[in-house]
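Participant: I'm passing along model23.txt; it holds compact mmCIF, C-alpha atoms.
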# COMPACT_ATOMS: atom_id res chain seq x y z
CA MET A 1297 30.95 -25.66 20.75
CA ASP A 1298 28.04 -27.45 19.03
CA LYS A 1299 26.31 -26.27 15.86
CA LYS A 1300 23.48 -24.44 17.69
CA ASP A 1301 25.89 -22.58 19.99
CA ASN A 1302 27.98 -21.60 16.98
CA GLN A 1303 24.91 -20.26 15.15
CA GLN A 1304 24.04 -18.11 18.15
CA SER A 1305 27.58 -16.75 18.56
CA VAL A 1306 27.74 -15.80 14.87
CA LEU A 1307 24.60 -13.64 15.25
CA ALA A 1308 25.61 -11.90 18.48
CA GLY A 1309 26.22 -8.20 17.89
CA LYS A 1310 24.79 -8.29 14.35
CA ARG A 1311 22.17 -5.81 13.22
CA LEU A 1312 18.71 -7.20 12.41
CA LEU A 1313 15.70 -5.46 10.91
CA VAL A 1314 12.32 -7.15 11.35
CA VAL A 1315 9.84 -5.79 8.80
CA GLY A 1316 6.25 -6.34 9.90
CA ALA A 1317 7.31 -6.54 13.53
CA GLY A 1318 3.91 -5.62 14.94
CA GLY A 1319 2.16 -8.81 13.85
CA PHE A 1320 1.64 -12.08 15.72
CA ILE A 1321 4.96 -13.59 14.66
CA GLY A 1322 6.91 -10.30 14.58
CA GLY A 1323 7.01 -9.84 18.33
CA PHE A 1324 8.46 -13.31 18.80
CA ILE A 1325 11.12 -12.63 16.15
CA CYS A 1326 12.22 -9.42 17.89
CA THR A 1327 12.35 -11.11 21.30
CA GLU A 1328 14.47 -13.98 19.96
CA GLY A 1329 16.83 -11.60 18.18
CA ILE A 1330 17.46 -9.71 21.40
CA ARG A 1331 17.91 -12.99 23.30
CA ARG A 1332 20.62 -13.93 20.80
CA GLY A 1333 22.48 -10.70 21.44
CA MET A 1334 21.55 -8.95 18.20
CA GLN A 1335 20.84 -5.25 17.70
CA VAL A 1336 17.20 -5.46 16.67
CA THR A 1337 15.19 -2.82 14.84
CA ALA A 1338 11.42 -3.26 14.58
CA GLY A 1339 10.08 -2.04 11.25
CA VAL A 1340 6.52 -0.81 11.79
CA ARG A 1341 3.94 1.53 10.34
CA GLN A 1342 3.07 4.70 12.21
CA SER A 1343 -0.29 3.12 13.14
CA THR A 1344 1.11 -0.28 14.19
CA SER A 1345 0.33 -1.45 17.71
CA ARG A 1346 3.45 -1.92 19.82
CA ARG A 1347 1.71 -4.10 22.39
CA TYR A 1348 4.21 -6.94 21.97
CA LEU A 1349 7.21 -4.71 21.25
CA THR A 1350 7.97 -3.40 24.72
CA ASP A 1351 11.59 -4.46 25.21
CA THR A 1352 13.67 -1.35 25.84
CA ALA A 1353 16.52 -2.84 23.77
CA LEU A 1354 14.42 -2.47 20.61
CA ASP A 1355 14.98 0.29 18.08
CA PHE A 1356 12.14 1.33 15.79
CA LEU A 1357 11.97 2.24 12.12
CA VAL A 1358 8.69 3.74 10.87
CA LEU A 1359 7.99 2.72 7.27
CA ASP A 1360 5.32 4.15 4.97
CA TYR A 1361 4.86 1.52 2.27
CA ASP A 1362 2.44 3.78 0.39
CA ASP A 1363 5.09 6.48 0.00
CA PRO A 1364 8.24 5.01 -1.62
CA ALA A 1365 10.17 8.28 -1.33
CA ALA A 1366 9.47 8.56 2.40
CA MET A 1367 10.36 4.90 2.90
CA GLU A 1368 13.62 5.36 1.01
CA HIS A 1369 14.48 8.35 3.19
CA ALA A 1370 13.72 6.40 6.40
CA VAL A 1371 15.95 3.53 5.29
CA SER A 1372 18.77 5.87 4.26
CA GLU A 1373 18.83 7.44 7.74
CA SER A 1374 19.63 4.07 9.35
CA PRO A 1375 22.90 2.12 9.42
CA ARG A 1376 22.91 -0.91 7.13
CA TRP A 1377 21.48 -4.09 8.65
CA ASP A 1378 23.38 -7.38 8.47
CA TYR A 1379 20.14 -9.35 8.24
CA ILE A 1380 16.54 -8.58 7.37
CA ILE A 1381 13.53 -10.76 8.15
CA TYR A 1382 10.60 -9.63 6.04
CA ASN A 1383 7.47 -10.69 7.91
CA LEU A 1384 5.03 -8.14 6.48
CA GLY A 1385 1.96 -9.56 4.77
CA ALA A 1386 -1.81 -9.83 4.65
CA THR A 1387 -3.60 -13.15 5.18
CA LYS A 1388 -7.04 -11.58 4.75
CA ALA A 1389 -8.11 -9.12 2.05
CA ALA A 1390 -11.34 -8.43 0.22
CA THR A 1391 -9.86 -8.56 -3.30
CA PHE A 1392 -6.77 -9.77 -5.16
CA PRO A 1393 -5.59 -6.17 -5.80
CA GLU A 1394 -5.42 -5.71 -2.03
CA PHE A 1395 -3.43 -8.93 -1.58
CA ASN A 1396 -1.21 -7.90 -4.48
CA LEU A 1397 -0.56 -4.46 -3.00
CA ILE A 1398 0.40 -5.68 0.47
CA ASN A 1399 2.07 -9.01 -0.30
CA TYR A 1400 3.87 -8.10 -3.51
CA GLU A 1401 4.01 -4.38 -4.21
CA TYR A 1402 5.05 -3.37 -0.69
CA LEU A 1403 7.86 -5.93 -0.85
CA ARG A 1404 9.02 -4.61 -4.22
CA ARG A 1405 9.00 -1.01 -2.97
CA PHE A 1406 10.95 -1.91 0.14
CA VAL A 1407 13.56 -3.89 -1.79
CA GLU A 1408 14.01 -1.00 -4.23
CA ALA A 1409 14.57 1.32 -1.26
CA LEU A 1410 17.28 -1.02 0.06
CA LYS A 1411 19.07 -1.09 -3.29
CA LYS A 1412 18.89 2.66 -3.87
CA THR A 1413 20.34 3.40 -0.44
CA ASP A 1414 23.03 0.69 -0.50
CA HIS A 1415 21.32 -1.21 2.33
CA VAL A 1416 21.29 -4.71 0.81
CA PRO A 1417 21.87 -7.10 3.76
CA GLU A 1418 23.96 -10.26 3.96
CA ARG A 1419 20.76 -12.29 3.98
CA PHE A 1420 17.12 -11.41 3.40
CA LEU A 1421 14.65 -13.93 4.82
CA TYR A 1422 11.16 -13.69 3.33
CA MET A 1423 8.12 -15.20 5.04
CA SER A 1424 5.95 -16.81 2.40
CA SER A 1425 3.43 -19.60 3.04
CA LEU A 1426 2.74 -23.25 2.31
CA SER A 1427 -0.40 -21.94 0.58
CA ALA A 1428 1.88 -20.72 -2.21
CA LEU A 1429 2.11 -24.34 -3.38
CA GLY A 1430 -1.62 -24.99 -3.65
CA PRO A 1431 -3.53 -28.19 -2.84
CA GLY A 1432 -1.00 -30.78 -4.04
CA ASP A 1433 -1.81 -34.51 -4.17
CA GLU A 1434 -5.23 -35.13 -2.64
CA LYS A 1435 -5.44 -38.79 -3.64
CA GLY A 1436 -2.20 -40.33 -2.42
CA TYR A 1437 -1.45 -37.54 0.08
CA THR A 1438 2.14 -37.19 -1.11
CA PRO A 1439 3.88 -34.58 1.09
CA LEU A 1440 4.51 -31.14 -0.37
CA ASP A 1441 8.26 -30.68 -0.83
CA SER A 1442 10.89 -28.55 -2.55
CA SER A 1443 10.14 -30.19 -5.90
CA THR A 1444 6.42 -29.33 -5.77
CA VAL A 1445 5.54 -26.91 -8.58
CA PRO A 1446 3.53 -23.98 -7.17
CA ASN A 1447 -0.09 -24.06 -8.28
CA PRO A 1448 -1.91 -21.79 -5.82
CA ASN A 1449 -5.69 -21.84 -5.90
CA THR A 1450 -6.22 -18.83 -3.61
CA ARG A 1451 -5.70 -15.11 -4.07
CA TYR A 1452 -3.48 -15.14 -1.00
CA GLY A 1453 -1.32 -17.96 -2.33
CA LEU A 1454 -1.04 -16.31 -5.74
CA SER A 1455 0.18 -13.05 -4.21
CA LYS A 1456 2.81 -14.96 -2.22
CA VAL A 1457 4.07 -16.77 -5.32
CA LYS A 1458 4.29 -13.46 -7.15
CA ALA A 1459 6.44 -12.08 -4.32
CA GLU A 1460 8.62 -15.19 -4.35
CA GLN A 1461 9.20 -14.90 -8.10
CA TYR A 1462 10.10 -11.23 -7.75
CA LEU A 1463 12.77 -12.12 -5.19
CA GLU A 1464 14.05 -14.96 -7.33
CA TYR A 1465 14.22 -13.28 -10.72
CA GLN A 1466 14.29 -9.50 -10.25
CA SER A 1467 15.25 -8.37 -6.77
CA GLY A 1468 19.00 -8.97 -6.61
CA MET A 1469 18.55 -9.84 -2.92
CA PRO A 1470 20.50 -12.63 -1.17
CA TYR A 1471 17.15 -14.16 -0.30
CA ILE A 1472 15.98 -17.20 1.64
CA ILE A 1473 12.28 -18.05 1.45
CA PHE A 1474 10.29 -19.78 4.19
CA ARG A 1475 7.03 -21.54 3.38
CA PRO A 1476 5.58 -22.34 6.82
CA THR A 1477 2.44 -24.37 7.32
CA GLY A 1478 -0.21 -23.12 9.79
CA VAL A 1479 1.51 -21.14 12.54
CA TYR A 1480 -0.08 -21.11 16.00
CA GLY A 1481 0.75 -19.93 19.49
CA PRO A 1482 -0.05 -17.15 21.97
CA HIS A 1483 -1.61 -14.02 20.37
CA GLU A 1484 -2.55 -15.82 17.11
CA LYS A 1485 -6.23 -15.32 16.30
CA ASP A 1486 -7.45 -17.91 13.79
CA TYR A 1487 -6.45 -20.99 15.77
CA LEU A 1488 -7.66 -19.21 18.92
CA MET A 1489 -11.14 -19.22 17.38
CA MET A 1490 -10.89 -23.01 17.06
CA VAL A 1491 -9.69 -23.33 20.66
CA LYS A 1492 -12.60 -21.20 21.84
CA SER A 1493 -15.05 -23.29 19.83
CA ILE A 1494 -13.75 -26.53 21.37
CA ASP A 1495 -13.82 -24.86 24.78
CA SER A 1496 -17.53 -24.34 24.07
CA HIS A 1497 -17.82 -28.09 23.30
CA PHE A 1498 -18.13 -27.82 19.51
CA ASP A 1499 -15.55 -28.60 16.83
CA PHE A 1500 -16.51 -27.53 13.32
CA GLY A 1501 -14.90 -29.29 10.37
CA VAL A 1502 -15.38 -29.01 6.61
CA GLY A 1503 -16.00 -31.90 4.21
CA PHE A 1504 -16.07 -35.63 4.81
CA LYS A 1505 -12.93 -36.79 2.98
CA PRO A 1506 -9.94 -37.45 5.28
CA GLN A 1507 -7.82 -34.36 5.89
CA MET A 1508 -4.19 -34.34 7.03
CA LEU A 1509 -3.21 -31.17 8.90
CA THR A 1510 0.24 -29.83 9.73
CA PHE A 1511 1.25 -27.19 12.25
CA ILE A 1512 4.27 -25.23 13.44
CA TYR A 1513 4.47 -23.64 16.87
CA VAL A 1514 5.64 -20.04 16.68
CA ASP A 1515 8.77 -20.59 18.81
CA ASP A 1516 9.93 -23.39 16.50
CA LEU A 1517 9.33 -21.25 13.42
CA VAL A 1518 11.28 -18.33 14.87
CA THR A 1519 14.19 -20.55 15.94
CA ALA A 1520 14.33 -21.89 12.38
CA MET A 1521 14.55 -18.33 11.02
CA PHE A 1522 17.67 -17.50 12.99
CA ASP A 1523 19.29 -20.85 12.23
CA ALA A 1524 18.61 -20.26 8.52
CA LEU A 1525 20.17 -16.80 8.65
CA VAL A 1526 23.45 -18.51 9.59
CA SER A 1527 23.33 -21.85 7.78
CA GLY A 1528 20.51 -21.73 5.25
CA LYS A 1529 21.37 -21.59 1.56
CA VAL A 1530 20.83 -18.30 -0.25
CA GLY A 1531 18.38 -18.67 -3.12
CA LYS A 1532 16.56 -21.59 -1.53
CA LYS A 1533 12.94 -22.13 -0.43
CA TYR A 1534 12.26 -24.08 2.75
CA ILE A 1535 9.04 -25.71 3.95
CA ILE A 1536 8.73 -25.33 7.72
CA SER A 1537 6.42 -27.62 9.67
CA GLU A 1538 6.31 -30.07 12.53
CA GLU A 1539 7.62 -33.34 11.15
CA ARG A 1540 4.27 -35.18 11.36
CA SER A 1541 0.68 -34.51 10.38
CA TYR A 1542 -2.57 -34.85 12.33
CA THR A 1543 -6.19 -35.67 11.62
CA GLN A 1544 -8.95 -33.28 12.67
CA LYS A 1545 -9.92 -35.82 15.34
CA GLU A 1546 -6.39 -35.82 16.77
CA PHE A 1547 -6.29 -32.02 16.81
CA ARG A 1548 -9.69 -31.87 18.54
CA GLN A 1549 -8.68 -34.41 21.17
CA ILE A 1550 -5.40 -32.65 21.97
CA VAL A 1551 -7.11 -29.27 22.39
CA ALA A 1552 -9.92 -30.81 24.46
CA ASP A 1553 -7.41 -32.58 26.71
CA GLU A 1554 -5.43 -29.39 27.34
CA LEU A 1555 -8.62 -27.43 28.01
CA GLY A 1556 -9.87 -30.10 30.37
CA ALA A 1557 -13.02 -30.41 28.28
CA LYS A 1558 -14.95 -33.58 29.12
CA TRP A 1559 -16.96 -33.69 25.91
CA VAL A 1560 -16.83 -32.12 22.46
CA ILE A 1561 -19.35 -32.54 19.67
CA PRO A 1562 -17.72 -32.79 16.21
CA VAL A 1563 -19.79 -31.01 13.56
CA ARG A 1564 -18.95 -31.77 9.92
CA LEU A 1565 -20.25 -29.21 7.45
CA PRO A 1566 -20.75 -30.17 3.78
CA LEU A 1567 -18.49 -28.31 1.37
CA TRP A 1568 -21.43 -26.71 -0.44
CA MET A 1569 -22.80 -25.28 2.81
CA THR A 1570 -19.39 -23.91 3.79
CA TRP A 1571 -18.96 -22.33 0.36
CA VAL A 1572 -22.33 -20.57 0.66
CA ALA A 1573 -21.46 -19.27 4.14
CA SER A 1574 -18.04 -18.11 2.88
CA TYR A 1575 -19.56 -16.32 -0.09
CA VAL A 1576 -22.14 -14.51 2.05
CA ALA A 1577 -19.54 -13.53 4.69
CA GLU A 1578 -17.22 -12.20 1.99
CA LYS A 1579 -19.98 -10.06 0.46
CA ILE A 1580 -20.86 -8.66 3.87
CA GLY A 1581 -17.18 -7.83 4.33
CA HIS A 1582 -17.19 -5.95 1.02
CA LEU A 1583 -20.20 -3.91 2.15
CA ARG A 1584 -18.47 -3.08 5.43
CA ALA A 1585 -15.20 -2.29 3.60
CA ARG A 1586 -13.17 -4.75 5.66
CA PRO A 1587 -12.11 -8.34 4.98
CA SER A 1588 -14.10 -11.16 6.56
CA THR A 1589 -12.36 -13.97 8.44
CA LEU A 1590 -14.58 -16.39 6.52
CA ASN A 1591 -14.32 -15.87 2.75
CA ARG A 1592 -13.87 -17.86 -0.46
CA ASP A 1593 -10.10 -17.91 -0.07
CA LYS A 1594 -10.47 -19.31 3.45
CA PHE A 1595 -12.94 -21.87 2.11
CA LYS A 1596 -10.36 -23.20 -0.36
CA ILE A 1597 -7.80 -23.45 2.44
CA MET A 1598 -10.27 -25.32 4.67
CA LYS A 1599 -11.25 -27.53 1.74
CA GLN A 1600 -7.65 -28.59 1.08
CA ARG A 1601 -7.18 -32.19 2.25
CA ASN A 1602 -3.42 -32.63 2.05
CA TRP A 1603 -1.16 -30.45 4.20
CA ASN A 1604 1.53 -33.11 4.59
CA ALA A 1605 4.94 -31.43 4.42
CA ASP A 1606 8.48 -32.66 3.78
CA VAL A 1607 11.00 -30.61 5.79
CA SER A 1608 14.11 -32.61 4.89
CA ASP A 1609 15.81 -29.67 3.13
CA ALA A 1610 15.63 -27.55 6.28
CA GLN A 1611 16.82 -30.48 8.39
CA ARG A 1612 19.81 -31.04 6.14
CA ASP A 1613 20.85 -27.42 5.57
CA PHE A 1614 20.48 -25.87 9.01
CA GLY A 1615 19.56 -28.67 11.41
CA PHE A 1616 15.86 -27.85 11.63
CA LYS A 1617 14.08 -29.79 14.38
CA THR A 1618 10.95 -28.85 16.26
CA ARG A 1619 10.99 -28.75 20.04
CA PHE A 1620 7.21 -28.48 20.38
CA SER A 1621 4.85 -31.26 19.38
CA LEU A 1622 1.29 -30.16 18.70
CA ARG A 1623 0.36 -31.18 22.23
CA ASP A 1624 3.21 -29.15 23.72
CA GLY A 1625 2.35 -26.11 21.63
CA ILE A 1626 -1.37 -26.32 22.35
CA ARG A 1627 -0.58 -26.56 26.06
CA GLU A 1628 1.35 -23.26 25.84
CA THR A 1629 -1.38 -21.68 23.70
CA VAL A 1630 -4.17 -22.74 26.07
CA HIS A 1631 -2.19 -21.46 29.03
CA ALA A 1632 -1.90 -18.04 27.40
CA TYR A 1633 -5.61 -18.20 26.50
CA ARG A 1634 -6.48 -18.83 30.15
CA GLU A 1635 -4.02 -16.18 31.40
CA ASN A 1636 -5.69 -13.58 29.19
CA GLY A 1637 -9.08 -14.25 30.69
CA SER A 1638 -10.24 -16.52 27.83
CA LYS A 1639 -10.23 -13.58 25.42
Would you mind giving the structure from this file in structure tokens?

Facilitator:
Amino acid sequence: MDKKDNQQSVLAGKRLLVVGAGGFIGGFICTEGIRRGMQVTAGVRQSTSRRYLTDTALDFLVLDYDDPAAMEHAVSESPRWDYIIYNLGATKAATFPEFNLINYEYLRRFVEALKKTDHVPERFLYMSSLSALGPGDEKGYTPLDSSTVPNPNTRYGLSKVKAEQYLEYQSGMPYIIFRPTGVYGPHEKDYLMMVKSIDSHFDFGVGFKPQMLTFIYVDDLVTAMFDALVSGKVGKKYIISEERSYTQKEFRQIVADELGAKWVIPVRLPLWMTWVASYVAEKIGHLRARPSTLNRDKFKIMKQRNWNADVSDAQRDFGFKTRFSLRDGIRETVHAYRENGSK
């Protein structure tokens, strides 16, 4: 039996709770857990869409993060889980207090509920983000790695670091932290906007200095989660990314090829113009009381030039290796895009 088969057999029959199961990545986590023979519970809000949670093998746990007592009661009514993957989080919010509430405070409340009800799992995998590390080296383009000191320059990244530090210093959880780079695949919305733009023959980029981009296809990310539950080291943070980086031109060409687009016009926007557009869009979002896709946080992420990532820790500890190159993943993403009527 090889290492991968052994990892799968260890998980078979184990109980898994996926917190934030209704999101883009959550549905894939639940599906993979069931495929591996686990008893999977999807942790969702009462209002969460269950569009991608249709497998009859799934159990559901309704969690009210705004009511700690109700959440504690819901947890106490369930058998203890062997593993928990905490995938809940906000990538868009109008203010830092909103990011802080969803990305930090909800985590703290949930962890406290686990401890009070004696539901601490064998391993608790927390989904953070590469944005927690900040822009890194934008002169020599040194890859971000496990030795990189977090210096987030976005409200989103700051809230993720705060959650990481809570797990590390206060939670008492047997935690593993994932810091994935940009995650794409079927059902994801931000990269879908880029695919749609290229399908319309335009590719919009920001700034004129060379930018190195990294990606991780959702299936590869989810596979890494389950491998880490078995062989990852408790108390460790792992960067998760495809092993190589790409230029904007390479990304554009791959998407155009898979779309069958014969021509695409690259449009480079100056940083100052993008900042103005981001500022205006964010203010409009405030007036409408909902976060805008384009905002000053997003501007800083688009402005970042160096997304190179060193994944050697994950390779060494639990045999991390991507199956999908960017071209392979974009092919699957475009296929789903076409299957859904280009919507």

Participant: Could you produce a table of the residues of segment 1538-1586 of chain A lying within 9 Å of segment 1506-1523 of chain A, with the nearest pair of atoms per residue and their separation in Å rounded to one decimal, using only C-alpha atoms, ordered by chain and increasing residue number, as CSV?

Facilitator:
residue,atom,partner,partner_atom,distance
A:Glu1538,CA,A:Ile1512,CA,5.3
A:Glu1539,CA,A:Thr1510,CA,8.3
A:Arg1540,CA,A:Thr1510,CA,6.9
A:Ser1541,CA,A:Thr1510,CA,4.7
A:Tyr1542,CA,A:Leu1509,CA,5.1
A:Thr1543,CA,A:Met1508,CA,5.2
A:Gln1544,CA,A:Gln1507,CA,7.0
A:Phe1547,CA,A:Leu1509,CA,8.5

Participant: Counting only C-alpha atoms, what is within 7 Å of Ala1605 of chain A, bar same-chain residues fewer than 6 positions away, as a list of chain:residue names?

Facilitator: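 Within the cut-off, the hits are A:Pro1439, A:Leu1440, A:Asp1441, A:Ser1537.
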
Participant: So what do you get for atom CA of Ile1561 of chain A versus atom CA of Phe1500 of chain A, distance-wise?

Facilitator: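 Taking atom CA of Ile1561 of chain A and atom CA of Phe1500 of chain A, their separation equals 8.6 Å.
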
Participant: Just want the 7 Å neighbourhood of segment 1353-1361 of chain A, counted on only C-alpha atoms, with same-chain residues fewer than 3 positions away dropped. Output as a PyMOL selection string.

Facilitator: chain A and resi 1336-1342+1364+1366-1367+1370+1402

Participant: Taking only C-alpha atoms into account, which of A:Val1445, A:Val1407, A:Leu1349, A:Ile1380 comes nearest Met1423 of chain A?

Facilitator: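 Among the listed residues, A:Ile1380 lies closest to Met1423 of chain A.
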
Participant: Restricting the calculation to all atoms listed in the file: of A:Gln1461, A:Thr1387, A:Ser1493, A:Ser1621, which residue gets closest to Asn1591 of chain A?

Facilitator: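 Among A:Gln1461, A:Thr1387, A:Ser1493, A:Ser1621, it is A:Thr1387 that comes nearest to Asn1591 of chain A.
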
Participant: Name all residues at most 10 Å from Asn1447 of chain A (count all atoms listed in the file; drop same-chain ones fewer than 4 positions away) and give them as a PyMOL selection string.

Facilitator: chain A and resi 1427-1432+1453-1454+1457

Participant: For the selection just defined, write its residues with C-alpha atoms to a file, as a PDB file, in the frame of the given file.

Facilitator:
ATOM      1  CA  SER A1427      -0.400 -21.940   0.580  1.00  0.00           C
ATOM      2  CA  ALA A1428       1.880 -20.720  -2.210  1.00  0.00           C
ATOM      3  CA  LEU A1429       2.110 -24.340  -3.380  1.00  0.00           C
ATOM      4  CA  GLY A1430      -1.620 -24.990  -3.650  1.00  0.00           C
ATOM      5  CA  PRO A1431      -3.530 -28.190  -2.840  1.00  0.00           C
ATOM      6  CA  GLY A1432      -1.000 -30.780  -4.040  1.00  0.00           C
ATOM      7  CA  GLY A1453      -1.320 -17.960  -2.330  1.00  0.00           C
ATOM      8  CA  LEU A1454      -1.040 -16.310  -5.740  1.00  0.00           C
ATOM      9  CA  VAL A1457       4.070 -16.770  -5.320  1.00  0.00           C
TER      10      VAL A1457
END

Participant: How far is it from atom CA of Ser1442 of chain A to atom CA of Arg1612 of chain A, in Å with one decimal?

Facilitator: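 Atom CA of Arg1612 of chain A lies 12.7 Å from atom CA of Ser1442 of chain A.
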
Participant: Could you tell me which of A:Ser1343, A:Asp1414, A:Asp1433, A:Tyr1480 comes closest to Phe1324 of chain A if we count only C-alpha atoms?

Facilitator: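 The shortest atom-to-atom distance to Phe1324 of chain A comes from A:Tyr1480.
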
Participant: With only C-alpha atoms as the atoms that count, which of A:Leu1403, A:Glu1408, A:Glu1434, A:Leu1313 lies nearest to Pro1375 of chain A?

Facilitator: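 Looking at the shortest contact to Pro1375 of chain A, the residue is A:Leu1313.
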
Participant: What does the structure give for the distance between atom CA of Leu1384 of chain A and atom CA of Pro1476 of chain A, in Å to one decimal?

Facilitator: 14.2 Å

Participant: Would you mind telling me which residue in A:Leu1397, A:Ala1459, A:Ala1308, A:Ala1557 lies nearest to Ile1330 of chain A when using only C-alpha atoms?

Facilitator: A:Ala1308

Participant: Go through A:Leu1307, A:Ala1390, A:Leu1312, A:Ala1365 one by one, measure the shortest atom-to-atom distance of each to Asp1378 of chain A using all atoms listed in the file, and give the residue with the smallest value.

Facilitator: A:Leu1312
